[in-house]
Structures are given as C-alpha cells and as structure tokens.
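> I am attaching a structure below and will ask some questions about it afterwards.
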Amino acid sequence: MADELLKGSRLLEEMWAGDHPIWDKADEIREVEHKCDFLTHEIIQRLNRTFVTPIDREDIHALARSLDDVMDAIDASATLVRLYRLETVRFGARELARIISSCTREVRLALQALEQHKGVATHGVEINRLENEADRAHQQAVSRLFEEESNPSAVIKWKETIDFLEDATDRCEDVANVIEGVIVKHG
C-alpha cells in the first residue's frame with residue numbers, strides 16, 4: 001500500500017507540475033485509490049484468516065485504514081481539480097503536492113524500518129516536520145487566496161482543494177502515529 005501511496009502522490013505532483021493542472025491525472029489517481037481500497041480489504045480479509053500475527057490485529061487494521069485514508073485525501077484533492085475545472089495552478093498547490101510526495105516517501109521508509117525493527121523514530125519525526133511545513137504552506141496559500149481572489153465561487157473551490165491537499169499530510173502523520181504506537185507496544 002505504501003508503494004501505491006507513493007505512486008499516487010507522484011501523480012498528484014505531475015498534475016500540478018505545469019501552468020495548468022492536468023485534469024486527466026485524476027483518472028490515474030482514482031485507479032491508484034481503487035487499488036488501495038482493494039489492498040485494504042485484502043489485508044483485513046487476511047487478518048481475519050490469520051491466527052498469529054506479527055503485531056496486534058488492531059494495529060494492523062489501524063495501519064491499513066490510515067494508509068487508505070492518505071490515498072483517499074490525495075484522490076479527493078485530484079477529483080476537485082477536474083470537478084471544479086480549475087484552470088490555473090494557484091500559489092501553494094504545487095508546494096503542498098511536493099510535501100505530500102515527501103510524506104508518502106517517509107511513510108514507505110517508516111514501514112520498512114518497522115519491518116527491520118530499527119530507525120522508525122527518524123521517519124516519524126520527519127513526517128511530523130513535513131506535516132508542520134504543510135500547515136505553514138496551507139496557511140500561506142489560504143491567506144493569499146483571500147487576498148488575491150475576489151470571485152467567491154473561485155475562493156470556495158480553491159479553499160476546498162487546498163484543504164484536501166493539506167489533509168493528505170495530516171493523514172500521513174496519522175500513519176506515523178500508528179507506527180509509533182506499534183513500536184511503543186512491541187519495543
């Protein structure tokens with residue numbers, strides 16, 4: 001699932017890379033989101049069939065759900081780009097997409113570290129730092145949106161899109177918190 005998150009976040013970055021958002025990337029992101037949904041269900045089904053698990057069942061379930069939540073936020077932001085027919089790339093969108101990509105890369109590394117039983121904390125700290133960076137980027141983007149945009153409809157569309165972009169970083173932090181909880185339990 002972490003590999004799929006990384007794929008989805010890279011597609012999101014590509015969506016915002018030019019002067020105009022690439023609406024068709026929303027379809028590719030939706031495919032990744034569907035794959036994550038499938039993987040989540042597969043994990044839960046396997047969990048129900050497995051007698052002994054390497055970590056607590058609740059933690060595996062929480063981890064699968066939190067990973068899926070990241071992809072849901074990425075997908076929601078991409079869906080709005082096409083739904084609202086956003087024609088330009090406003091301040092903050094490209095930066096938030098870059099931060100999301102960095103967060104998903106750290107999530108992948110944190111899961112590898114969990115598997116190897118070392119170095120998890122470093123990635124959790126970095127995810128937290130990136131989430132704080134996203135908060136600042138989000139605040140600046142919203143502030144500039146209200147300063148520069150006079151069309152109320154455009155403000156509503158962009159505010160919601162920017163909020164979902166920032167939400168993806170919050171969901172990455174949730175994943176880090178679940179992983180850190182596993183480490184506390186199983187030290």
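Residue numbers start at 1 in each chain; chains themselves are named A, B, ... in the order of the structure tokens; ligands are numbered from 1 in the order shown.
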If you count only C-alpha atoms, which residues fall within 10 Å of stretch 152-157 of chain A, apart from same-chain ones fewer than 3 positions away, as a VMD selection string?

chain A and resid 80 to 81 83 to 86 142 145 to 146 148 to 149 160 to 162

> Keeping all heavy atoms for every residue in the selection just given, could you write it to a file as a compact mmCIF listing (two decimals), in the first residue's frame?


```txt
# COMPACT_ATOMS: atom_id res chain seq x y z
N LEU A 80 -11.36 17.13 -7.13
CA LEU A 80 -11.87 18.51 -7.14
C LEU A 80 -11.27 19.34 -8.26
O LEU A 80 -11.94 20.23 -8.80
CB LEU A 80 -11.58 19.18 -5.79
CG LEU A 80 -12.38 18.66 -4.61
CD1 LEU A 80 -11.97 19.39 -3.34
CD2 LEU A 80 -13.88 18.77 -4.85
N VAL A 81 -10.03 19.05 -8.62
CA VAL A 81 -9.39 19.81 -9.70
C VAL A 81 -10.21 19.71 -10.98
O VAL A 81 -10.47 20.72 -11.64
CB VAL A 81 -7.93 19.32 -9.93
CG1 VAL A 81 -7.33 19.98 -11.16
CG2 VAL A 81 -7.08 19.60 -8.70
N LEU A 83 -13.44 18.35 -11.15
CA LEU A 83 -14.83 18.69 -10.86
C LEU A 83 -15.07 20.19 -10.95
O LEU A 83 -16.05 20.65 -11.54
CB LEU A 83 -15.21 18.18 -9.47
CG LEU A 83 -16.61 18.50 -8.98
CD1 LEU A 83 -17.64 17.71 -9.77
CD2 LEU A 83 -16.73 18.18 -7.49
N TYR A 84 -14.14 20.96 -10.36
CA TYR A 84 -14.27 22.42 -10.36
C TYR A 84 -13.66 23.07 -11.60
O TYR A 84 -13.68 24.28 -11.73
CB TYR A 84 -13.63 22.99 -9.11
CG TYR A 84 -14.35 22.66 -7.83
CD1 TYR A 84 -13.66 22.63 -6.63
CD2 TYR A 84 -15.72 22.39 -7.81
CE1 TYR A 84 -14.30 22.35 -5.44
CE2 TYR A 84 -16.37 22.10 -6.62
CZ TYR A 84 -15.65 22.08 -5.43
OH TYR A 84 -16.29 21.80 -4.25
N ARG A 85 -13.08 22.24 -12.46
CA ARG A 85 -12.47 22.74 -13.70
C ARG A 85 -11.46 23.85 -13.41
O ARG A 85 -11.48 24.92 -14.03
CB ARG A 85 -13.52 23.20 -14.68
CG ARG A 85 -14.53 22.10 -15.01
CD ARG A 85 -14.86 22.11 -16.47
NE ARG A 85 -15.75 21.03 -16.85
CZ ARG A 85 -15.35 19.83 -17.24
NH1 ARG A 85 -14.08 19.54 -17.26
NH2 ARG A 85 -16.21 18.90 -17.59
N LEU A 86 -10.58 23.57 -12.46
CA LEU A 86 -9.55 24.55 -12.10
C LEU A 86 -8.58 24.67 -13.27
O LEU A 86 -8.01 23.68 -13.72
CB LEU A 86 -8.84 24.12 -10.82
CG LEU A 86 -9.75 23.98 -9.59
CD1 LEU A 86 -8.95 23.51 -8.39
CD2 LEU A 86 -10.46 25.28 -9.28
N VAL A 142 -3.94 29.85 1.73
CA VAL A 142 -5.28 30.35 2.03
C VAL A 142 -5.27 31.86 2.20
O VAL A 142 -6.14 32.57 1.69
CB VAL A 142 -5.87 29.64 3.28
CG1 VAL A 142 -7.15 30.31 3.74
CG2 VAL A 142 -6.12 28.16 2.98
N LEU A 145 -4.99 33.37 -1.16
CA LEU A 145 -6.25 33.16 -1.87
C LEU A 145 -7.25 34.25 -1.52
O LEU A 145 -7.85 34.86 -2.40
CB LEU A 145 -6.82 31.78 -1.53
CG LEU A 145 -8.21 31.45 -2.07
CD1 LEU A 145 -8.20 31.40 -3.60
CD2 LEU A 145 -8.70 30.12 -1.50
N PHE A 146 -7.41 34.54 -0.22
CA PHE A 146 -8.37 35.55 0.21
C PHE A 146 -7.92 36.96 -0.15
O PHE A 146 -8.74 37.84 -0.38
CB PHE A 146 -8.66 35.43 1.70
CG PHE A 146 -9.59 34.29 2.02
CD1 PHE A 146 -9.11 33.12 2.58
CD2 PHE A 146 -10.95 34.38 1.76
CE1 PHE A 146 -9.96 32.06 2.87
CE2 PHE A 146 -11.81 33.33 2.04
CZ PHE A 146 -11.32 32.16 2.59
N GLU A 148 -6.02 37.72 -2.91
CA GLU A 148 -5.90 37.90 -4.35
C GLU A 148 -7.18 37.58 -5.13
O GLU A 148 -7.35 38.08 -6.24
CB GLU A 148 -4.76 37.05 -4.90
CG GLU A 148 -3.41 37.43 -4.35
CD GLU A 148 -2.31 36.44 -4.71
OE1 GLU A 148 -2.59 35.43 -5.40
OE2 GLU A 148 -1.15 36.68 -4.30
N GLU A 149 -8.04 36.75 -4.60
CA GLU A 149 -9.21 36.30 -5.36
C GLU A 149 -10.46 37.02 -4.89
O GLU A 149 -10.79 37.00 -3.71
CB GLU A 149 -9.39 34.79 -5.20
CG GLU A 149 -10.50 34.20 -6.02
CD GLU A 149 -10.33 34.44 -7.52
OE1 GLU A 149 -9.33 33.96 -8.09
OE2 GLU A 149 -11.21 35.11 -8.10
N GLU A 160 -11.36 24.61 -0.74
CA GLU A 160 -11.62 23.19 -0.52
C GLU A 160 -10.50 22.33 -1.08
O GLU A 160 -10.06 21.37 -0.44
CB GLU A 160 -12.96 22.80 -1.15
CG GLU A 160 -13.37 21.38 -0.81
CD GLU A 160 -14.75 21.02 -1.32
OE1 GLU A 160 -15.35 21.79 -2.11
OE2 GLU A 160 -15.22 19.94 -0.93
N THR A 161 -10.01 22.67 -2.25
CA THR A 161 -8.92 21.91 -2.87
C THR A 161 -7.65 21.99 -2.03
O THR A 161 -7.00 20.97 -1.75
CB THR A 161 -8.65 22.43 -4.29
OG1 THR A 161 -9.87 22.33 -5.06
CG2 THR A 161 -7.56 21.63 -4.98
N ILE A 162 -7.30 23.18 -1.59
CA ILE A 162 -6.11 23.37 -0.77
C ILE A 162 -6.26 22.64 0.57
O ILE A 162 -5.30 22.04 1.08
CB ILE A 162 -5.84 24.88 -0.57
CG1 ILE A 162 -5.40 25.51 -1.89
CG2 ILE A 162 -4.77 25.11 0.51
CD1 ILE A 162 -5.39 27.03 -1.88
```

> Measuring between only C-alpha atoms, which one of A:Ser150, A:Asn132, A:Ser66, A:Thr122 shows the shortest distance to A:Asp37?

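That would be A:Ser66, the residue with the smallest distance to A:Asp37.
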
> What is the distance between atom CA of A:Asp135 and atom CA of A:Ile183, in Å to one decimal?

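Value for the atom CA of A:Asp135-atom CA of A:Ile183 distance: 26.3 Å.
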
> Within 7 Å of stretch 15-26 of chain A, counting only C-alpha atoms, which residues show up once you throw out same-chain ones fewer than 5 positions away? Write them as a PDB file with N, CA and C atoms, in the first residue's frame, please.


```pdb
ATOM      1  N   ALA A  78      -7.481  15.588  -6.045  1.00  0.00           N
ATOM      2  CA  ALA A  78      -7.381  15.458  -7.503  1.00  0.00           C
ATOM      3  C   ALA A  78      -8.757  15.510  -8.154  1.00  0.00           C
ATOM      4  N   THR A  79      -9.735  14.902  -7.521  1.00  0.00           N
ATOM      5  CA  THR A  79     -11.101  14.892  -8.053  1.00  0.00           C
ATOM      6  C   THR A  79     -11.649  16.308  -8.149  1.00  0.00           C
ATOM      7  N   VAL A  81     -10.030  19.051  -8.622  1.00  0.00           N
ATOM      8  CA  VAL A  81      -9.385  19.812  -9.697  1.00  0.00           C
ATOM      9  C   VAL A  81     -10.207  19.707 -10.979  1.00  0.00           C
ATOM     10  N   ARG A  82     -10.615  18.499 -11.299  1.00  0.00           N
ATOM     11  CA  ARG A  82     -11.412  18.327 -12.511  1.00  0.00           C
ATOM     12  C   ARG A  82     -12.871  18.735 -12.281  1.00  0.00           C
ATOM     13  N   GLU A  87      -8.411  25.885 -13.752  1.00  0.00           N
ATOM     14  CA  GLU A  87      -7.651  26.137 -14.983  1.00  0.00           C
ATOM     15  C   GLU A  87      -6.199  26.530 -14.731  1.00  0.00           C
ATOM     16  N   THR A  88      -5.911  27.038 -13.552  1.00  0.00           N
ATOM     17  CA  THR A  88      -4.565  27.519 -13.263  1.00  0.00           C
ATOM     18  C   THR A  88      -4.016  26.783 -12.042  1.00  0.00           C
ATOM     19  N   VAL A  89      -2.758  27.004 -11.782  1.00  0.00           N
ATOM     20  CA  VAL A  89      -2.141  26.451 -10.573  1.00  0.00           C
ATOM     21  C   VAL A  89      -1.896  27.627  -9.637  1.00  0.00           C
ATOM     22  N   ARG A  94       1.200  23.476  -5.755  1.00  0.00           N
ATOM     23  CA  ARG A  94       2.378  22.711  -6.185  1.00  0.00           C
ATOM     24  C   ARG A  94       3.246  22.357  -4.973  1.00  0.00           C
TER      25      ARG A  94
END
```

> Please, which residues of chain A, numbered as in this document, come out helix (DSSP H, G or I) from DSSP, as a VMD selection string?

chain A and resid 2 to 16 25 to 49 57 to 83 93 to 116 120 to 148 152 to 186

> What gap, in Å, lies between atom CA of A:Ala113 and atom CA of A:Arg65?

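A separation of 19.3 Å between them.
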
> Taking only C-alpha atoms into account, which of A:Arg129, A:Arg144, A:Arg171, A:Arg10 comes nearest A:Ala64?

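Selected residue with least distance to A:Ala64: A:Arg171.
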
> Determine, counting only C-alpha atoms, which protein, DNA and RNA residues have an atom within 12 Å of an atom of A:Met1; residues of the same chain fewer than 3 positions away are not included. Present the result as a PyMOL selection string.

chain A and resi 4-8+32-43+63-71+104-105+107-108+111+175

> Give me, as a list in words, all polymer residues having an atom no more than 7 Å from A:Thr169, counting only C-alpha atoms and skipping those fewer than 5 positions away in the same chain.

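Final neighbour list, sorted by chain and number: Ile100, Cys103, Glu131 and Ala134 of chain A.
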
> Take the selection from the previous step and output its residues with all heavy atoms, as a short mmCIF file (atom, residue, chain, number, x, y, z; two decimals), in the first residue's frame.


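What landed in out.cif:
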```cif
data_model
loop_
_atom_site.label_atom_id
_atom_site.label_comp_id
_atom_site.auth_asym_id
_atom_site.auth_seq_id
_atom_site.Cartn_x
_atom_site.Cartn_y
_atom_site.Cartn_z
N ILE A 100 3.36 16.38 0.09
CA ILE A 100 2.64 15.09 0.16
C ILE A 100 3.54 13.98 -0.35
O ILE A 100 3.63 12.90 0.25
CB ILE A 100 1.31 15.16 -0.64
CG1 ILE A 100 0.32 16.09 0.04
CG2 ILE A 100 0.71 13.76 -0.80
CD1 ILE A 100 -0.86 16.49 -0.84
N CYS A 103 6.10 13.20 2.18
CA CYS A 103 5.48 12.48 3.30
C CYS A 103 5.26 11.01 2.96
O CYS A 103 5.54 10.13 3.78
CB CYS A 103 4.14 13.11 3.67
SG CYS A 103 4.24 14.51 4.77
N GLU A 131 4.60 17.61 7.97
CA GLU A 131 3.21 17.99 8.22
C GLU A 131 3.15 19.44 8.73
O GLU A 131 2.27 20.20 8.34
CB GLU A 131 2.56 17.03 9.23
CG GLU A 131 1.06 17.18 9.33
CD GLU A 131 0.62 18.30 10.25
OE1 GLU A 131 1.35 18.60 11.22
OE2 GLU A 131 -0.45 18.88 10.00
N ALA A 134 3.63 21.62 5.82
CA ALA A 134 2.37 21.68 5.05
C ALA A 134 1.38 22.63 5.71
O ALA A 134 0.67 23.36 5.01
CB ALA A 134 1.77 20.29 4.91
#
```

> Please report the interatomic distance between atom CA of A:Leu165 and atom CA of A:Ile99 in Å with one decimal.

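Atom CA of A:Leu165 sits 9.4 Å away from atom CA of A:Ile99.
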
> Pick the closest to A:Gln112 from A:Ile179, A:His138, A:Leu12, A:Gln45: which is it, counting only C-alpha atoms?

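Residue with the minimum atom-to-atom distance to A:Gln112: A:Ile179.
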
> Find the residues around A:Ile60 up to 9 Å (only C-alpha atoms counted), leave out those fewer than 6 positions away in its own chain, and share them as JSON, numbers by chain.

{"A": [43, 44, 47, 53]}

> Looking at A:Ser143, A:Asp75, A:Ala62, A:Lys159, which one is nearest to A:Ala176, with distances taken over only C-alpha atoms?

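Ranked by minimum distance to A:Ala176, first place goes to A:Ala62.
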